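> See data-v7.txt below, with compact mmCIF, C-alpha atoms and all ligand atoms.
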# COMPACT_ATOMS: atom_id res chain seq x y z
CA MET A 11 0.00 0.00 0.00
CA GLY A 12 1.98 3.03 -1.24
CA GLU A 13 5.23 3.22 0.71
CA VAL A 14 4.25 0.49 3.15
CA THR A 15 4.70 -3.19 2.36
CA VAL A 16 2.01 -5.28 4.00
CA HIS A 17 2.75 -8.98 4.42
CA ALA A 18 -0.80 -10.25 4.63
CA LEU A 19 0.65 -13.74 5.19
CA ARG A 20 4.14 -15.06 5.70
CA ASN A 21 5.72 -18.42 6.48
CA VAL A 22 2.33 -20.05 6.59
CA ASP A 23 2.51 -23.84 6.58
CA ILE A 24 -0.77 -25.64 7.08
CA ASP A 25 -2.44 -28.96 6.27
CA LEU A 26 -6.17 -29.55 6.27
CA TYR A 27 -7.26 -33.15 6.79
CA ALA A 28 -10.24 -34.81 5.18
CA GLY A 29 -13.37 -34.37 7.27
CA GLU A 30 -11.83 -32.15 9.91
CA LEU A 31 -13.33 -28.99 11.32
CA LEU A 32 -10.72 -26.26 11.59
CA VAL A 33 -11.32 -23.05 13.54
CA LEU A 34 -9.23 -20.02 12.59
CA LEU A 35 -8.78 -17.33 15.24
CA GLY A 36 -6.83 -14.07 15.29
CA ALA A 37 -7.09 -10.32 15.66
CA SER A 38 -8.46 -8.13 12.89
CA GLY A 39 -5.88 -7.84 10.12
CA SER A 40 -3.99 -10.99 11.13
CA GLY A 41 -4.51 -12.60 7.71
CA LYS A 42 -7.40 -15.01 8.32
CA SER A 43 -9.49 -14.01 5.31
CA THR A 44 -6.43 -13.86 3.08
CA LEU A 45 -5.53 -17.43 4.04
CA LEU A 46 -9.08 -18.68 3.54
CA ASN A 47 -9.36 -16.95 0.17
CA ILE A 48 -6.11 -18.51 -1.00
CA LEU A 49 -7.24 -21.97 0.17
CA GLY A 50 -10.46 -21.47 -1.76
CA GLY A 51 -8.82 -20.32 -4.96
CA LEU A 52 -10.34 -16.84 -4.71
CA ASP A 53 -6.95 -15.23 -4.21
CA VAL A 54 -3.44 -16.23 -5.21
CA ALA A 55 -0.31 -16.04 -3.07
CA SER A 56 2.64 -14.07 -4.43
CA SER A 57 4.89 -17.00 -3.55
CA GLY A 58 4.64 -20.47 -2.08
CA SER A 59 2.75 -23.59 -3.04
CA LEU A 60 -0.69 -24.98 -2.38
CA TYR A 61 -2.03 -28.45 -3.15
CA TYR A 62 -5.48 -29.92 -3.22
CA HIS A 63 -4.57 -33.62 -3.28
CA ASP A 64 -2.34 -33.78 -6.40
CA LEU A 65 -3.65 -30.59 -7.93
CA CYS A 66 -1.05 -27.77 -7.82
CA LEU A 67 -3.27 -24.75 -7.25
CA HIS A 68 -0.36 -22.33 -7.51
CA THR A 69 0.13 -23.27 -11.18
CA LEU A 70 -3.49 -22.77 -12.23
CA ASP A 71 -4.72 -19.78 -14.21
CA SER A 72 -7.98 -18.04 -13.45
CA ASP A 73 -10.06 -20.58 -15.44
CA GLY A 74 -8.32 -23.43 -13.63
CA LEU A 75 -9.11 -21.87 -10.27
CA THR A 76 -12.73 -21.42 -11.31
CA GLU A 77 -12.90 -25.14 -12.14
CA TYR A 78 -11.34 -25.95 -8.77
CA ARG A 79 -13.83 -23.80 -6.88
CA ARG A 80 -16.78 -25.13 -8.84
CA ALA A 81 -15.82 -28.77 -8.35
CA HIS A 82 -14.59 -28.76 -4.78
CA VAL A 83 -15.22 -25.64 -2.70
CA GLY A 84 -18.24 -24.19 -0.93
CA PHE A 85 -18.14 -20.72 0.63
CA VAL A 86 -20.12 -19.05 3.40
CA PHE A 87 -19.48 -15.37 4.08
CA GLN A 88 -20.42 -12.96 6.85
CA PHE A 89 -22.98 -11.20 4.65
CA TYR A 90 -25.02 -13.93 3.12
CA ASN A 91 -24.75 -12.80 -0.52
CA LEU A 92 -28.12 -14.22 -1.45
CA ILE A 93 -29.84 -12.98 -4.60
CA PRO A 94 -32.78 -10.90 -3.33
CA SER A 95 -35.11 -11.64 -6.26
CA LEU A 96 -34.75 -15.42 -5.86
CA THR A 97 -36.41 -17.64 -3.25
CA ALA A 98 -34.41 -19.81 -0.85
CA ARG A 99 -34.84 -22.80 -3.15
CA GLU A 100 -33.85 -20.79 -6.24
CA ASN A 101 -30.77 -19.40 -4.50
CA VAL A 102 -29.62 -22.94 -3.78
CA LYS A 103 -30.56 -24.15 -7.26
CA LEU A 104 -28.24 -21.56 -8.79
CA VAL A 105 -25.42 -23.77 -7.53
CA THR A 106 -26.97 -27.21 -7.91
CA ASP A 107 -27.88 -26.53 -11.56
CA ILE A 108 -24.19 -26.36 -12.50
CA ALA A 109 -22.80 -28.92 -10.03
CA LYS A 110 -21.94 -32.50 -10.93
CA ASP A 111 -23.62 -34.64 -8.29
CA PRO A 112 -25.49 -32.19 -6.08
CA MET A 113 -28.05 -32.96 -3.42
CA PRO A 114 -31.53 -31.67 -4.33
CA ALA A 115 -31.97 -28.02 -3.26
CA ASP A 116 -34.88 -29.00 -1.00
CA GLU A 117 -32.74 -31.58 0.77
CA ALA A 118 -29.96 -29.04 1.38
CA LEU A 119 -32.50 -26.64 2.86
CA GLN A 120 -33.91 -29.39 5.05
CA LEU A 121 -30.40 -30.13 6.27
CA VAL A 122 -30.18 -26.59 7.67
CA GLY A 123 -33.68 -26.73 9.16
CA LEU A 124 -35.40 -24.63 6.49
CA GLY A 125 -37.63 -27.21 4.88
CA ASP A 126 -40.57 -24.91 5.62
CA ARG A 127 -39.01 -21.80 4.06
CA LEU A 128 -38.35 -23.06 0.52
CA ASP A 129 -40.37 -20.37 -1.24
CA HIS A 130 -39.41 -17.46 1.00
CA PHE A 131 -37.40 -14.58 -0.43
CA PRO A 132 -34.36 -13.30 1.50
CA SER A 133 -36.31 -10.20 2.61
CA GLN A 134 -38.88 -12.52 4.20
CA MET A 135 -36.28 -14.30 6.34
CA SER A 136 -34.32 -13.41 9.48
CA GLY A 137 -30.54 -12.99 9.40
CA GLY A 138 -30.02 -16.47 10.83
CA GLU A 139 -32.38 -18.00 8.29
CA GLN A 140 -30.63 -16.18 5.45
CA GLN A 141 -27.28 -17.46 6.67
CA ARG A 142 -28.66 -20.98 6.80
CA VAL A 143 -29.80 -20.60 3.16
CA ALA A 144 -26.22 -19.54 2.39
CA ILE A 145 -24.95 -22.66 4.17
CA ALA A 146 -27.41 -24.82 2.21
CA ARG A 147 -26.13 -23.21 -0.98
CA GLY A 148 -22.55 -23.85 0.14
CA VAL A 149 -23.06 -27.54 0.89
CA ALA A 150 -25.65 -28.48 -1.76
CA LYS A 151 -23.06 -29.32 -4.38
CA ARG A 152 -21.42 -31.67 -1.86
CA PRO A 153 -18.13 -29.77 -1.84
CA ASN A 154 -15.03 -31.46 -0.44
CA VAL A 155 -14.11 -28.25 1.34
CA LEU A 156 -16.40 -25.71 3.00
CA LEU A 157 -14.81 -22.36 3.85
CA CYS A 158 -16.67 -20.00 6.18
CA ASP A 159 -15.46 -16.44 6.82
CA GLU A 160 -17.10 -15.14 10.00
CA PRO A 161 -20.40 -16.91 9.31
CA THR A 162 -21.84 -15.66 12.61
CA GLY A 163 -20.31 -12.17 12.45
CA ALA A 164 -23.57 -10.42 11.65
CA LEU A 165 -25.77 -12.46 14.00
CA ASP A 166 -26.77 -12.20 17.66
CA ALA A 167 -25.32 -14.82 20.02
CA GLN A 168 -28.38 -17.08 20.03
CA THR A 169 -28.70 -17.13 16.25
CA GLY A 170 -24.95 -17.47 15.89
CA LYS A 171 -25.09 -20.60 18.00
CA LEU A 172 -27.82 -22.05 15.83
CA VAL A 173 -25.83 -21.35 12.66
CA LEU A 174 -22.70 -22.92 14.17
CA SER A 175 -24.63 -25.98 15.27
CA VAL A 176 -25.78 -26.36 11.66
CA LEU A 177 -22.18 -26.12 10.40
CA ASP A 178 -21.07 -28.60 13.07
CA ARG A 179 -23.79 -31.06 12.13
CA VAL A 180 -23.23 -30.71 8.38
CA ASN A 181 -19.53 -31.38 8.96
CA ARG A 182 -20.27 -34.52 10.98
CA GLU A 183 -23.01 -35.80 8.65
CA THR A 184 -21.41 -35.09 5.28
CA GLY A 185 -17.73 -35.37 6.21
CA THR A 186 -17.01 -32.10 4.40
CA THR A 187 -13.67 -30.64 5.45
CA THR A 188 -14.67 -27.35 7.06
CA ALA A 189 -12.77 -24.21 8.05
CA ILE A 190 -14.47 -21.49 10.09
CA ILE A 191 -13.07 -18.04 10.81
CA THR A 192 -14.36 -16.44 13.98
CA HIS A 193 -13.44 -13.78 16.52
CA ASN A 194 -14.94 -15.82 19.33
CA ALA A 195 -12.20 -17.89 20.99
CA ALA A 196 -14.81 -20.06 22.74
CA ILE A 197 -15.80 -21.49 19.36
CA GLY A 198 -12.34 -23.05 19.15
CA MET A 199 -13.63 -25.87 21.36
CA LEU A 200 -15.95 -26.94 18.54
CA GLY A 201 -13.10 -27.70 16.17
CA ASP A 202 -10.81 -30.69 15.71
CA THR A 203 -8.01 -28.18 15.21
CA VAL A 204 -7.66 -24.53 16.25
CA VAL A 205 -5.21 -22.23 14.52
CA HIS A 206 -4.28 -18.82 15.93
CA MET A 207 -2.96 -16.18 13.54
CA SER A 208 -1.08 -12.99 14.31
CA SER A 209 0.48 -10.51 11.86
CA GLY A 210 0.13 -12.93 8.96
CA GLU A 211 1.66 -15.90 10.73
CA ILE A 212 0.28 -19.01 12.34
CA VAL A 213 1.45 -18.63 15.94
CA GLU A 214 -0.32 -21.60 17.48
CA ARG A 215 -1.98 -24.79 16.31
CA THR A 216 -3.91 -26.84 18.84
CA VAL A 217 -5.50 -30.23 18.28
CA ASN A 218 -8.52 -30.88 20.49
CA SER A 219 -8.66 -34.43 21.80
CA SER A 220 -12.42 -34.32 21.47
CA ARG A 221 -14.79 -31.79 20.01
CA ALA A 222 -17.05 -29.94 22.41
CA SER A 223 -20.73 -29.88 21.63
CA ILE A 224 -22.41 -26.57 21.03
CA GLN A 225 -24.30 -26.66 24.37
CA ASP A 226 -21.00 -26.70 26.27
CA ILE A 227 -19.79 -23.44 24.81
CA GLU A 228 -19.85 -20.37 27.07
CA TRP A 229 -20.66 -17.61 24.63
N1 LIG B 301 -6.19 -5.86 -1.08
C1 LIG B 301 -5.34 -5.55 -0.10
N2 LIG B 301 -4.35 -4.67 -0.31
C2 LIG B 301 -3.47 -4.36 0.68
N3 LIG B 301 -3.52 -4.87 1.91
C3 LIG B 301 -4.47 -5.76 2.17
C4 LIG B 301 -5.45 -6.15 1.19
N4 LIG B 301 -6.28 -7.05 1.74
C5 LIG B 301 -5.87 -7.22 3.01
N5 LIG B 301 -4.78 -6.45 3.27
C6 LIG B 301 -4.02 -6.40 4.52
O1 LIG B 301 -3.61 -7.73 4.80
C7 LIG B 301 -3.70 -7.99 6.19
C8 LIG B 301 -4.57 -9.21 6.43
O2 LIG B 301 -5.92 -8.92 6.07
P1 LIG B 301 -7.11 -9.96 6.23
O3 LIG B 301 -8.29 -9.38 5.59
O4 LIG B 301 -6.65 -11.29 5.76
O5 LIG B 301 -7.27 -10.00 7.83
P2 LIG B 301 -8.36 -10.71 8.74
O6 LIG B 301 -7.61 -11.51 9.76
O7 LIG B 301 -9.35 -11.43 7.92
O8 LIG B 301 -9.05 -9.50 9.49
P3 LIG B 301 -10.59 -9.27 9.97
O9 LIG B 301 -10.73 -10.08 11.23
O10 LIG B 301 -10.67 -7.81 10.22
O11 LIG B 301 -11.49 -9.72 8.85
C9 LIG B 301 -4.22 -6.71 6.84
O12 LIG B 301 -3.12 -6.00 7.35
C10 LIG B 301 -4.85 -5.97 5.68
O13 LIG B 301 -4.78 -4.59 5.90
MG MG B 302 -11.42 -11.21 7.57
Is it possible to give me this structure as structure tokens?
Ligand SMILES: Nc1ncnc2c1ncn2[C@@H]1O[C@H](COP(=O)(O)OP(=O)(O)OP(=O)(O)O)[C@@H](O)[C@H]1O
Ligand SMILES: [Mg+2]

Amino acid sequence: MGEVTVHALRNVDIDLYAGELLVLLGASGSGKSTLLNILGGLDVASSGSLYYHDLCLHTLDSDGLTEYRRAHVGFVFQFYNLIPSLTARENVKLVTDIAKDPMPADEALQLVGLGDRLDHFPSQMSGGEQQRVAIARGVAKRPNVLLCDEPTGALDAQTGKLVLSVLDRVNRETGTTTAIITHNAAIGMLGDTVVHMSSGEIVERTVNSSRASIQDIEW
């Protein structure tokens, strides 16, 4: 940025294991979103290497990264990014229509507890419901990796808990490797692995011997 060089990430070395739930913690500006965006093929590192199984993501061009995202990655963001003129079902169908072996949109919405909101528009749903539609959209194509950047950031504590319990359950039931960025250190207990970032570096990586259940978390 002008005269100042910002190292959004440096010396990052990380493995994600099939089926695990990873929680990413760190202060604002510590590089969490940058890391998640690189993992998801939305952003590209200026140096270093990144593999999805045998696929060298760092050698792919923009079309190659699009293929990677389409085939393997689901995203959930803080602001749900739903299309306002489409119903819940239609928002999910946008993804399932172009995916290879998706679950039916209705099934994805049932998975997040919205089987009775299929024909609601985003403006007719609460924040937590909209985020659950976004999760349904993220998981409907049965991605191998689900990346969530502050999925509860815009929600009150109660609704945030509900959304996290949905992510936790979807991870357990579908075996989708899941990474969740949060500012709430208590959520770390939910993960198999917790990674702390500071100034672009991973400063701590903790493996939980067992995952806490959502009821045990002191918000
Ligand atoms: N496009 C950009 N150009 C220059 N610097 C950037 C850009 N994007 C991010 N940064 C810088 O990179 C660093 C990491 O940013 P990043 O968005 O990854 O942090 P974060 O941990 O997700 O923060 P937050 O919790 O606030 O979302 C910050 O210092 C930020 O200012
Ligand atoms: Mg961020």
> Please produce, as a tab-separated table, a per-residue contact table for chain A versus ligand LIG 301 (chain B) (criterion: any atom at most 10 Å away, only C-alpha atoms and all ligand atoms considered), showing the nearest atom pair and its distance in Å to one decimal, sorted by chain then residue number.

residue	atom	partner	partner_atom	distance
A:Met11	CA	B:LIG301	C2	5.6
A:Gly12	CA	B:LIG301	C2	9.4
A:Val14	CA	B:LIG301	C2	9.4
A:Thr15	CA	B:LIG301	N3	8.4
A:Val16	CA	B:LIG301	N3	5.9
A:His17	CA	B:LIG301	O1	6.5
A:Ala18	CA	B:LIG301	O1	3.8
A:Leu19	CA	B:LIG301	C8	7.0
A:Leu34	CA	B:LIG301	O6	9.1
A:Leu35	CA	B:LIG301	O6	8.1
A:Gly36	CA	B:LIG301	O6	6.1
A:Ala37	CA	B:LIG301	O9	5.7
A:Ser38	CA	B:LIG301	O9	3.4
A:Gly39	CA	B:LIG301	O5	3.4
A:Ser40	CA	B:LIG301	O6	3.9
A:Gly41	CA	B:LIG301	O4	3.2
A:Lys42	CA	B:LIG301	O6	3.8
A:Ser43	CA	B:LIG301	O7	3.7
A:Thr44	CA	B:LIG301	O4	3.7
A:Leu45	CA	B:LIG301	O4	6.5
A:Leu46	CA	B:LIG301	O4	8.1
A:Asn47	CA	B:LIG301	O4	8.4
A:Ile48	CA	B:LIG301	O4	9.9
A:Asp53	CA	B:LIG301	N1	9.9
A:Gln88	CA	B:LIG301	O11	9.7
A:Asp159	CA	B:LIG301	O7	8.0
A:Glu160	CA	B:LIG301	O11	7.9
A:Gly163	CA	B:LIG301	O11	9.8
A:Ile191	CA	B:LIG301	O7	8.1
A:Thr192	CA	B:LIG301	O9	7.8
A:His193	CA	B:LIG301	O9	7.0
A:Met207	CA	B:LIG301	O6	7.6
A:Ser208	CA	B:LIG301	O6	8.1
A:Ser209	CA	B:LIG301	O12	7.3
A:Gly210	CA	B:LIG301	C8	6.5
> With C-alpha atoms kept, could you save the residues just selected as a PDB file, in the frame of the given file?

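Produced file out.pdb, reproduced below:
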ATOM      1  CA  MET A  11       0.000   0.000   0.000  1.00  0.00           C
ATOM      2  CA  GLY A  12       1.980   3.030  -1.240  1.00  0.00           C
ATOM      3  CA  VAL A  14       4.250   0.490   3.150  1.00  0.00           C
ATOM      4  CA  THR A  15       4.700  -3.190   2.360  1.00  0.00           C
ATOM      5  CA  VAL A  16       2.010  -5.280   4.000  1.00  0.00           C
ATOM      6  CA  HIS A  17       2.750  -8.980   4.420  1.00  0.00           C
ATOM      7  CA  ALA A  18      -0.800 -10.250   4.630  1.00  0.00           C
ATOM      8  CA  LEU A  19       0.650 -13.740   5.190  1.00  0.00           C
ATOM      9  CA  LEU A  34      -9.230 -20.020  12.590  1.00  0.00           C
ATOM     10  CA  LEU A  35      -8.780 -17.330  15.240  1.00  0.00           C
ATOM     11  CA  GLY A  36      -6.830 -14.070  15.290  1.00  0.00           C
ATOM     12  CA  ALA A  37      -7.090 -10.320  15.660  1.00  0.00           C
ATOM     13  CA  SER A  38      -8.460  -8.130  12.890  1.00  0.00           C
ATOM     14  CA  GLY A  39      -5.880  -7.840  10.120  1.00  0.00           C
ATOM     15  CA  SER A  40      -3.990 -10.990  11.130  1.00  0.00           C
ATOM     16  CA  GLY A  41      -4.510 -12.600   7.710  1.00  0.00           C
ATOM     17  CA  LYS A  42      -7.400 -15.010   8.320  1.00  0.00           C
ATOM     18  CA  SER A  43      -9.490 -14.010   5.310  1.00  0.00           C
ATOM     19  CA  THR A  44      -6.430 -13.860   3.080  1.00  0.00           C
ATOM     20  CA  LEU A  45      -5.530 -17.430   4.040  1.00  0.00           C
ATOM     21  CA  LEU A  46      -9.080 -18.680   3.540  1.00  0.00           C
ATOM     22  CA  ASN A  47      -9.360 -16.950   0.170  1.00  0.00           C
ATOM     23  CA  ILE A  48      -6.110 -18.510  -1.000  1.00  0.00           C
ATOM     24  CA  ASP A  53      -6.950 -15.230  -4.210  1.00  0.00           C
ATOM     25  CA  GLN A  88     -20.420 -12.960   6.850  1.00  0.00           C
ATOM     26  CA  ASP A 159     -15.460 -16.440   6.820  1.00  0.00           C
ATOM     27  CA  GLU A 160     -17.100 -15.140  10.000  1.00  0.00           C
ATOM     28  CA  GLY A 163     -20.310 -12.170  12.450  1.00  0.00           C
ATOM     29  CA  ILE A 191     -13.070 -18.040  10.810  1.00  0.00           C
ATOM     30  CA  THR A 192     -14.360 -16.440  13.980  1.00  0.00           C
ATOM     31  CA  HIS A 193     -13.440 -13.780  16.520  1.00  0.00           C
ATOM     32  CA  MET A 207      -2.960 -16.180  13.540  1.00  0.00           C
ATOM     33  CA  SER A 208      -1.080 -12.990  14.310  1.00  0.00           C
ATOM     34  CA  SER A 209       0.480 -10.510  11.860  1.00  0.00           C
ATOM     35  CA  GLY A 210       0.130 -12.930   8.960  1.00  0.00           C
TER      36      GLY A 210
END
> In Å, with one decimal, what is the gap from atom CA of Leu31 of chain A to atom CA of Pro132 of chain A?
28.0 Å
> Ranking A:Gln225, A:Ala164, A:Val122, A:Arg20 by minimum distance to Glu183 of chain A and counting only C-alpha atoms, which one comes first?
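Checking each candidate against Glu183 of chain A, we get A:Val122 as the closest.
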> Would you mind telling me which residue in A:Leu128, A:Ala81, A:Ala144, A:Lys151 lies nearest to Val176 of chain A when using all atoms listed in the file?
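Residue with the minimum atom-to-atom distance to Val176 of chain A: A:Ala144.
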> What gap, in Å, lies between atom CA of Ile190 of chain A and atom CA of Ser133 of chain A?
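Separation between atom CA of Ile190 of chain A and atom CA of Ser133 of chain A: 25.7 Å.
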> Which of these, A:Phe87, A:Thr186, A:Arg179, A:Gln140, has the shortest distance to ligand MG 302 (chain B) once you count all atoms listed in the file?
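Counting all atoms listed in the file, the residue closest to ligand MG 302 (chain B) is A:Phe87.
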> I'd like the contact shell of Arg79 of chain A - 12 Å cut-off, all atoms listed in the file, skipping same-chain residues fewer than 2 positions apart - returned as a VMD selection string.
chain A and resid 47 to 53 62 67 70 72 to 77 81 to 85 105 109 148 151 153 to 157
> Using all atoms listed in the file, determine which residues lie at most 9 Å from Asp178 of chain A, disregarding the query and same-chain residues fewer than 5 positions distant; provide the list as a PDB file with C-alpha atoms, in the coordinates of the input.

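Final file, result.pdb:
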ATOM      1  CA  LEU A  31     -13.330 -28.990  11.320  1.00  0.00           C
ATOM      2  CA  VAL A 173     -25.830 -21.350  12.660  1.00  0.00           C
ATOM      3  CA  GLU A 183     -23.010 -35.800   8.650  1.00  0.00           C
ATOM      4  CA  THR A 188     -14.670 -27.350   7.060  1.00  0.00           C
ATOM      5  CA  LEU A 200     -15.950 -26.940  18.540  1.00  0.00           C
ATOM      6  CA  GLY A 201     -13.100 -27.700  16.170  1.00  0.00           C
ATOM      7  CA  SER A 223     -20.730 -29.880  21.630  1.00  0.00           C
ATOM      8  CA  ILE A 224     -22.410 -26.570  21.030  1.00  0.00           C
TER       9      ILE A 224
END
> If I take atom CA of Leu119 of chain A and atom CA of Asp226 of chain A, how far is one from the other in Å, to one decimal?
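Going from atom CA of Leu119 of chain A over to atom CA of Asp226 of chain A covers 26.1 Å.
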> Which one of A:Asp116, A:Asp71, A:Glu30, A:Asp23 sits closest to Gly58 of chain A if you count only C-alpha atoms?
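Closest candidate: A:Asp23.
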